[in-house]
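Accompanying notes for the structure given below.
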Amino acid sequence: MKIRVLGAHNLETLHTRHTCFLVDDSLAIDAGSLMTGLTDPEKNSLKAILLTHRHFDHVRDIPSLGLHTMDNGATVDLYGLSDTLDALTTHLLDGLLYPNFTLRPTPERPKYRLHPIAPERPFNLLGLQILPLPVPHGAPAVGYLVRKGSATAAFTGDTGGGLLPFLSATPPPQYLFVEVTFSNDGIDRARASQHLTPSLLADELLSAQQKGLPLPQIVAVHRDPRHEKAITHQLAELSKTLNIPITPASANHQFPL
Ligand SMILES: [Zn+2]
Ligand SMILES: [Zn+2]
């Protein structure tokens with residue numbers, strides 16, 4: 001399995017992109033950086049997108065990608081919770097803000113086909129086994145365990161915690177792509193909006209370690225660029241404390257498994 005980080009932050013700036021991943025060149029996890037993170041041939045090779053939840057930074061590029069690749073004759077399969085897909089069709093692909101690409105270019109061969117998923121119901125997609133796991137966040141949200149042979153990667157999406165089901169999977173994931181949105185100073189805000197800080201991540205990892213679970217390599221994404229320095233410093237301290245690699249990923253970072 002080949003994983004590429006397309007974006008690793010919660011805001012797009014001159015130097016950062018929204019959190020988004022590409023798996024095996026054909027599957028995207030979330031859609032916040034598909035326009036700026038992929039070349040034109042890569043955009044046209046995309047077969048499916050797994051959405052974690054409805055928030056704008058995770059779905060933003062679906063309309064633009066639809067227009068950009070409309071003439072290639074290929075349908076892209078969109079997977080997400082009903083709440084996520086409903087928000088998409090009523091707010092972004094509503095035919096008012098942007099064309100309804102679930103009906104265009106033709107209703108028979110639309111740009112996007114929607115597939116509702118349910119937490120804890122696994123499915124197979126593009127040679128991968130996918131298990132959506134529920135996570136606590138400000139909107140109904142899931143993370144995904146993605147397996148291919150002996151390779152397993154966990155993607156939490158936006159979450160205020162609830163990492164144990166990912167860490168206790170059998171076999172355990174080699175990588176955990178986890179959000180760390182705020183620095184430790186922002187813990188109140190993180191708790192209120194159900195996001196993580198390095199200290200909240202530490203609590204989750206320590207409780208898994210106390211249960212005897214092996215800790216995977218940690219890749220921190222969805223970092224707030226305004227607090228980048230503090231977050232990376234605090235993650236480096238945590239990496240030393242737990243004696244595990246914690247990588248603050250950046251766009252185009254590749255993780256072969
Ligand atoms: Zn969110
Ligand atoms: Zn987000």
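Residue names in the structure tokens use chain letters A, B, ... in the order shown, residue numbers from 1 in each chain, and ligand numbers from 1 in the order shown.
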
Excluding region 218-225 of chain A and any residue of its chain fewer than 5 positions from it, enumerate the residues within 8 Å of it, using only C-alpha atoms, and give them as a list in words.
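Using only C-alpha atoms, the neighbours found are Gly7, Ala8, His9, Asn10, Leu11, Thr16, His18, Thr19, Asp158, Tyr175, Leu176, Phe177, Val178, Glu179, Val180, Thr181, Phe182, Ile231, Ile244, Pro245, Ile246, Thr247, Pro248, Ala249 and Ser250 of chain A.
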
Produce a file of the selected residues containing N, CA and C atoms, as a short mmCIF file (atom, residue, chain, number, x, y, z; two decimals), in the first residue's frame.
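Result file result10.cif:
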```cif
data_model
loop_
_atom_site.label_atom_id
_atom_site.label_comp_id
_atom_site.auth_asym_id
_atom_site.auth_seq_id
_atom_site.Cartn_x
_atom_site.Cartn_y
_atom_site.Cartn_z
N GLY A 7 -2.27 16.92 1.93
CA GLY A 7 -2.31 18.12 2.76
C GLY A 7 -2.33 17.68 4.21
N ALA A 8 -1.80 18.51 5.11
CA ALA A 8 -1.64 18.07 6.51
C ALA A 8 -2.09 19.12 7.52
N HIS A 9 -2.92 20.06 7.06
CA HIS A 9 -3.33 21.14 7.96
C HIS A 9 -4.85 21.33 7.93
N ASN A 10 -5.33 22.20 8.81
CA ASN A 10 -6.77 22.44 8.85
C ASN A 10 -7.17 23.71 8.10
N LEU A 11 -6.15 24.39 7.56
CA LEU A 11 -6.39 25.62 6.79
C LEU A 11 -5.49 25.62 5.57
N THR A 16 0.39 25.79 3.22
CA THR A 16 -0.26 24.58 3.76
C THR A 16 -1.53 24.26 2.97
N HIS A 18 -5.29 21.63 3.04
CA HIS A 18 -6.22 20.87 3.90
C HIS A 18 -5.81 19.40 3.97
N THR A 19 -6.09 18.79 5.11
CA THR A 19 -5.75 17.38 5.33
C THR A 19 -6.46 16.46 4.33
N ASP A 158 -11.10 13.95 11.71
CA ASP A 158 -11.17 14.88 12.84
C ASP A 158 -11.80 14.15 14.03
N TYR A 175 0.67 2.32 10.89
CA TYR A 175 0.66 3.78 10.92
C TYR A 175 -0.67 4.29 11.45
N LEU A 176 -0.61 5.35 12.25
CA LEU A 176 -1.83 6.05 12.66
C LEU A 176 -1.71 7.49 12.18
N PHE A 177 -2.53 7.83 11.20
CA PHE A 177 -2.60 9.21 10.72
C PHE A 177 -3.66 9.92 11.57
N VAL A 178 -3.22 10.77 12.46
CA VAL A 178 -4.13 11.31 13.48
C VAL A 178 -4.11 12.83 13.45
N GLU A 179 -5.25 13.40 13.69
CA GLU A 179 -5.30 14.86 13.75
C GLU A 179 -4.71 15.39 15.05
N VAL A 180 -3.96 16.46 15.00
CA VAL A 180 -3.52 17.20 16.19
C VAL A 180 -3.70 18.67 15.82
N THR A 181 -4.88 19.18 16.08
CA THR A 181 -5.25 20.49 15.54
C THR A 181 -4.64 21.64 16.34
N PHE A 182 -4.69 21.52 17.67
CA PHE A 182 -4.25 22.63 18.52
C PHE A 182 -3.01 22.26 19.32
N ILE A 231 2.91 23.14 18.28
CA ILE A 231 2.44 21.75 18.09
C ILE A 231 3.63 20.84 17.77
N ILE A 244 8.51 6.58 20.56
CA ILE A 244 7.96 6.13 19.26
C ILE A 244 8.11 7.29 18.27
N PRO A 245 8.21 6.96 16.97
CA PRO A 245 8.29 8.04 15.98
C PRO A 245 6.96 8.78 15.85
N ILE A 246 7.00 10.09 15.93
CA ILE A 246 5.82 10.93 15.66
C ILE A 246 6.23 11.94 14.60
N THR A 247 5.64 11.84 13.43
CA THR A 247 6.03 12.70 12.32
C THR A 247 4.96 13.75 12.06
N PRO A 248 5.31 15.03 12.14
CA PRO A 248 4.36 16.03 11.67
C PRO A 248 4.45 16.06 10.14
N ALA A 249 3.48 15.45 9.46
CA ALA A 249 3.57 15.28 8.01
C ALA A 249 3.41 16.61 7.29
N SER A 250 3.96 16.66 6.09
CA SER A 250 3.69 17.81 5.23
C SER A 250 3.19 17.30 3.88
#
```

What residues in region 7-144 of chain A get the DSSP label strand (DSSP E or B)? Please answer as a PyMOL selection string.
chain A and resi 7+9+18+20-23+27-29+48-50+76-80+105+110+112-116+123-125+128-135+141-144

Give me a file of those residues, with N, CA and C atoms, as a compact mmCIF listing (two decimals), in the first residue's frame.
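Heads up, here's the output in selection.txt:
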```
# COMPACT_ATOMS: atom_id res chain seq x y z
N GLY A 7 -2.27 16.92 1.93
CA GLY A 7 -2.31 18.12 2.76
C GLY A 7 -2.33 17.68 4.21
N HIS A 9 -2.92 20.06 7.06
CA HIS A 9 -3.33 21.14 7.96
C HIS A 9 -4.85 21.33 7.93
N HIS A 18 -5.29 21.63 3.04
CA HIS A 18 -6.22 20.87 3.90
C HIS A 18 -5.81 19.40 3.97
N CYS A 20 -5.68 15.63 3.67
CA CYS A 20 -6.21 14.82 2.57
C CYS A 20 -5.12 13.80 2.22
N PHE A 21 -5.52 12.58 1.82
CA PHE A 21 -4.55 11.53 1.52
C PHE A 21 -4.88 10.87 0.19
N LEU A 22 -3.85 10.29 -0.43
CA LEU A 22 -4.03 9.48 -1.63
C LEU A 22 -3.47 8.09 -1.34
N VAL A 23 -4.29 7.05 -1.55
CA VAL A 23 -3.87 5.67 -1.31
C VAL A 23 -3.80 4.95 -2.66
N LEU A 27 -7.35 6.07 -4.69
CA LEU A 27 -8.34 6.32 -3.65
C LEU A 27 -7.91 7.53 -2.82
N ALA A 28 -8.83 8.48 -2.66
CA ALA A 28 -8.54 9.63 -1.79
C ALA A 28 -9.27 9.44 -0.47
N ILE A 29 -8.65 9.90 0.60
CA ILE A 29 -9.34 9.99 1.88
C ILE A 29 -9.51 11.48 2.16
N ALA A 48 -12.13 6.70 -6.42
CA ALA A 48 -13.07 6.76 -5.30
C ALA A 48 -12.54 7.69 -4.21
N ILE A 49 -13.47 8.20 -3.41
CA ILE A 49 -13.11 9.08 -2.29
C ILE A 49 -13.86 8.60 -1.05
N LEU A 50 -13.12 8.40 0.05
CA LEU A 50 -13.73 8.10 1.35
C LEU A 50 -13.81 9.42 2.13
N VAL A 76 -16.65 8.82 -10.39
CA VAL A 76 -15.90 8.66 -9.14
C VAL A 76 -16.89 8.26 -8.05
N ASP A 77 -16.56 7.21 -7.30
CA ASP A 77 -17.45 6.73 -6.23
C ASP A 77 -17.13 7.46 -4.93
N LEU A 78 -18.16 8.08 -4.35
CA LEU A 78 -18.00 8.83 -3.09
C LEU A 78 -18.63 8.04 -1.96
N TYR A 79 -17.83 7.73 -0.93
CA TYR A 79 -18.31 6.98 0.23
C TYR A 79 -18.32 7.88 1.45
N GLY A 80 -19.41 7.84 2.21
CA GLY A 80 -19.47 8.63 3.43
C GLY A 80 -20.73 8.29 4.22
N PRO A 105 -22.20 14.76 -16.08
CA PRO A 105 -22.74 15.27 -17.33
C PRO A 105 -24.04 14.62 -17.77
N PRO A 110 -23.08 9.83 -14.28
CA PRO A 110 -22.73 11.08 -13.58
C PRO A 110 -21.26 11.09 -13.16
N TYR A 112 -20.23 11.80 -10.11
CA TYR A 112 -20.13 11.19 -8.78
C TYR A 112 -21.29 10.24 -8.52
N ARG A 113 -20.97 9.08 -7.97
CA ARG A 113 -21.99 8.15 -7.49
C ARG A 113 -21.82 8.06 -5.98
N LEU A 114 -22.93 8.21 -5.25
CA LEU A 114 -22.85 8.28 -3.78
C LEU A 114 -23.10 6.91 -3.15
N HIS A 115 -22.30 6.55 -2.16
CA HIS A 115 -22.44 5.26 -1.47
C HIS A 115 -22.47 5.51 0.03
N PRO A 116 -23.65 5.43 0.66
CA PRO A 116 -23.68 5.60 2.12
C PRO A 116 -22.98 4.44 2.82
N PHE A 123 -16.13 -2.96 4.13
CA PHE A 123 -16.39 -3.22 2.71
C PHE A 123 -15.07 -3.25 1.95
N ASN A 124 -15.11 -3.83 0.74
CA ASN A 124 -13.91 -3.91 -0.10
C ASN A 124 -14.00 -2.87 -1.19
N LEU A 125 -12.85 -2.28 -1.50
CA LEU A 125 -12.84 -1.21 -2.50
C LEU A 125 -11.45 -1.15 -3.11
N LEU A 128 -8.67 -3.00 -1.57
CA LEU A 128 -8.40 -2.65 -0.17
C LEU A 128 -9.59 -3.07 0.68
N GLN A 129 -9.29 -3.43 1.95
CA GLN A 129 -10.39 -3.67 2.90
C GLN A 129 -10.54 -2.42 3.75
N ILE A 130 -11.78 -1.94 3.81
CA ILE A 130 -12.03 -0.67 4.49
C ILE A 130 -12.95 -0.92 5.67
N LEU A 131 -12.55 -0.41 6.85
CA LEU A 131 -13.44 -0.49 8.01
C LEU A 131 -13.64 0.93 8.56
N PRO A 132 -14.87 1.47 8.43
CA PRO A 132 -15.14 2.79 9.03
C PRO A 132 -15.37 2.63 10.53
N LEU A 133 -14.74 3.47 11.34
CA LEU A 133 -14.94 3.44 12.79
C LEU A 133 -15.43 4.81 13.27
N PRO A 134 -16.46 4.83 14.14
CA PRO A 134 -17.00 6.12 14.57
C PRO A 134 -16.02 6.88 15.46
N VAL A 135 -15.99 8.19 15.32
CA VAL A 135 -15.14 9.03 16.18
C VAL A 135 -15.97 10.21 16.70
N ALA A 141 -19.06 11.59 12.36
CA ALA A 141 -17.75 11.42 11.71
C ALA A 141 -17.25 9.99 11.89
N VAL A 142 -16.47 9.55 10.92
CA VAL A 142 -15.78 8.26 11.02
C VAL A 142 -14.31 8.45 10.67
N GLY A 143 -13.50 7.53 11.17
CA GLY A 143 -12.15 7.36 10.66
C GLY A 143 -12.15 6.05 9.88
N TYR A 144 -11.04 5.71 9.26
CA TYR A 144 -11.00 4.49 8.45
C TYR A 144 -9.75 3.67 8.77
```

Within 9 Å of ligand 1 (counting only C-alpha atoms and all ligand atoms), which residues show up? I'd like them as a PyMOL selection string.
chain A and resi 10+52-58+137-139+141+157-159+193-195

Given the selection you just returned, output its residues as a file containing N, CA and C atoms, formatted as an mmCIF file, in the first residue's frame.
```
data_model
loop_
_atom_site.group_PDB
_atom_site.id
_atom_site.type_symbol
_atom_site.label_atom_id
_atom_site.label_comp_id
_atom_site.auth_asym_id
_atom_site.auth_seq_id
_atom_site.Cartn_x
_atom_site.Cartn_y
_atom_site.Cartn_z
ATOM 1 N N ASN A 10 -5.330 22.202 8.807
ATOM 2 C CA ASN A 10 -6.771 22.444 8.846
ATOM 3 C C ASN A 10 -7.166 23.713 8.097
ATOM 4 N N THR A 52 -14.667 11.526 5.609
ATOM 5 C CA THR A 52 -14.767 11.274 7.050
ATOM 6 C C THR A 52 -15.970 11.982 7.674
ATOM 7 N N HIS A 53 -16.265 13.204 7.212
ATOM 8 C CA HIS A 53 -17.411 13.959 7.741
ATOM 9 C C HIS A 53 -17.675 15.169 6.862
ATOM 10 N N ARG A 54 -18.674 15.942 7.217
ATOM 11 C CA ARG A 54 -19.184 16.953 6.286
ATOM 12 C C ARG A 54 -18.453 18.294 6.340
ATOM 13 N N HIS A 55 -17.545 18.512 7.276
ATOM 14 C CA HIS A 55 -16.943 19.839 7.411
ATOM 15 C C HIS A 55 -16.208 20.265 6.134
ATOM 16 N N PHE A 56 -16.288 21.583 5.898
ATOM 17 C CA PHE A 56 -15.863 22.172 4.625
ATOM 18 C C PHE A 56 -14.436 21.792 4.219
ATOM 19 N N ASP A 57 -13.492 21.805 5.188
ATOM 20 C CA ASP A 57 -12.092 21.517 4.841
ATOM 21 C C ASP A 57 -11.889 20.078 4.372
ATOM 22 N N HIS A 58 -12.913 19.217 4.523
ATOM 23 C CA HIS A 58 -12.799 17.812 4.122
ATOM 24 C C HIS A 58 -13.550 17.490 2.831
ATOM 25 N N HIS A 137 -16.829 13.893 17.253
ATOM 26 C CA HIS A 137 -16.481 15.169 16.616
ATOM 27 C C HIS A 137 -17.737 16.040 16.559
ATOM 28 N N GLY A 138 -17.598 17.268 16.108
ATOM 29 C CA GLY A 138 -18.721 18.209 16.061
ATOM 30 C C GLY A 138 -19.770 17.896 15.011
ATOM 31 N N ALA A 139 -19.508 16.928 14.148
ATOM 32 C CA ALA A 139 -20.479 16.441 13.164
ATOM 33 C C ALA A 139 -20.339 14.926 13.169
ATOM 34 N N ALA A 141 -19.056 11.594 12.358
ATOM 35 C CA ALA A 141 -17.749 11.415 11.714
ATOM 36 C C ALA A 141 -17.253 9.990 11.888
ATOM 37 N N GLY A 157 -9.373 10.865 10.826
ATOM 38 C CA GLY A 157 -10.194 12.033 10.508
ATOM 39 C C GLY A 157 -10.188 12.987 11.695
ATOM 40 N N ASP A 158 -11.101 13.949 11.708
ATOM 41 C CA ASP A 158 -11.173 14.878 12.840
ATOM 42 C C ASP A 158 -11.798 14.148 14.027
ATOM 43 N N THR A 159 -11.149 14.240 15.177
ATOM 44 C CA THR A 159 -11.674 13.514 16.337
ATOM 45 C C THR A 159 -11.232 14.149 17.649
ATOM 46 N N SER A 193 -14.415 21.758 20.678
ATOM 47 C CA SER A 193 -14.701 21.489 19.257
ATOM 48 C C SER A 193 -14.366 20.045 18.870
ATOM 49 N N GLN A 194 -14.009 19.227 19.860
ATOM 50 C CA GLN A 194 -13.668 17.816 19.651
ATOM 51 C C GLN A 194 -12.543 17.639 18.624
ATOM 52 N N HIS A 195 -11.411 18.193 19.027
ATOM 53 C CA HIS A 195 -10.151 18.014 18.304
ATOM 54 C C HIS A 195 -9.110 17.568 19.324
#
```

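Distance annotation: of A:Asn252, A:Gln234, A:Thr75, A:Gln174, the residue with the minimal separation from Leu200 (chain A) is A:Gln234; atom set is only C-alpha atoms.
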
Atom pair CA of Arg191 (chain A) + CA of Gly160 (chain A), distance 6.7 Å
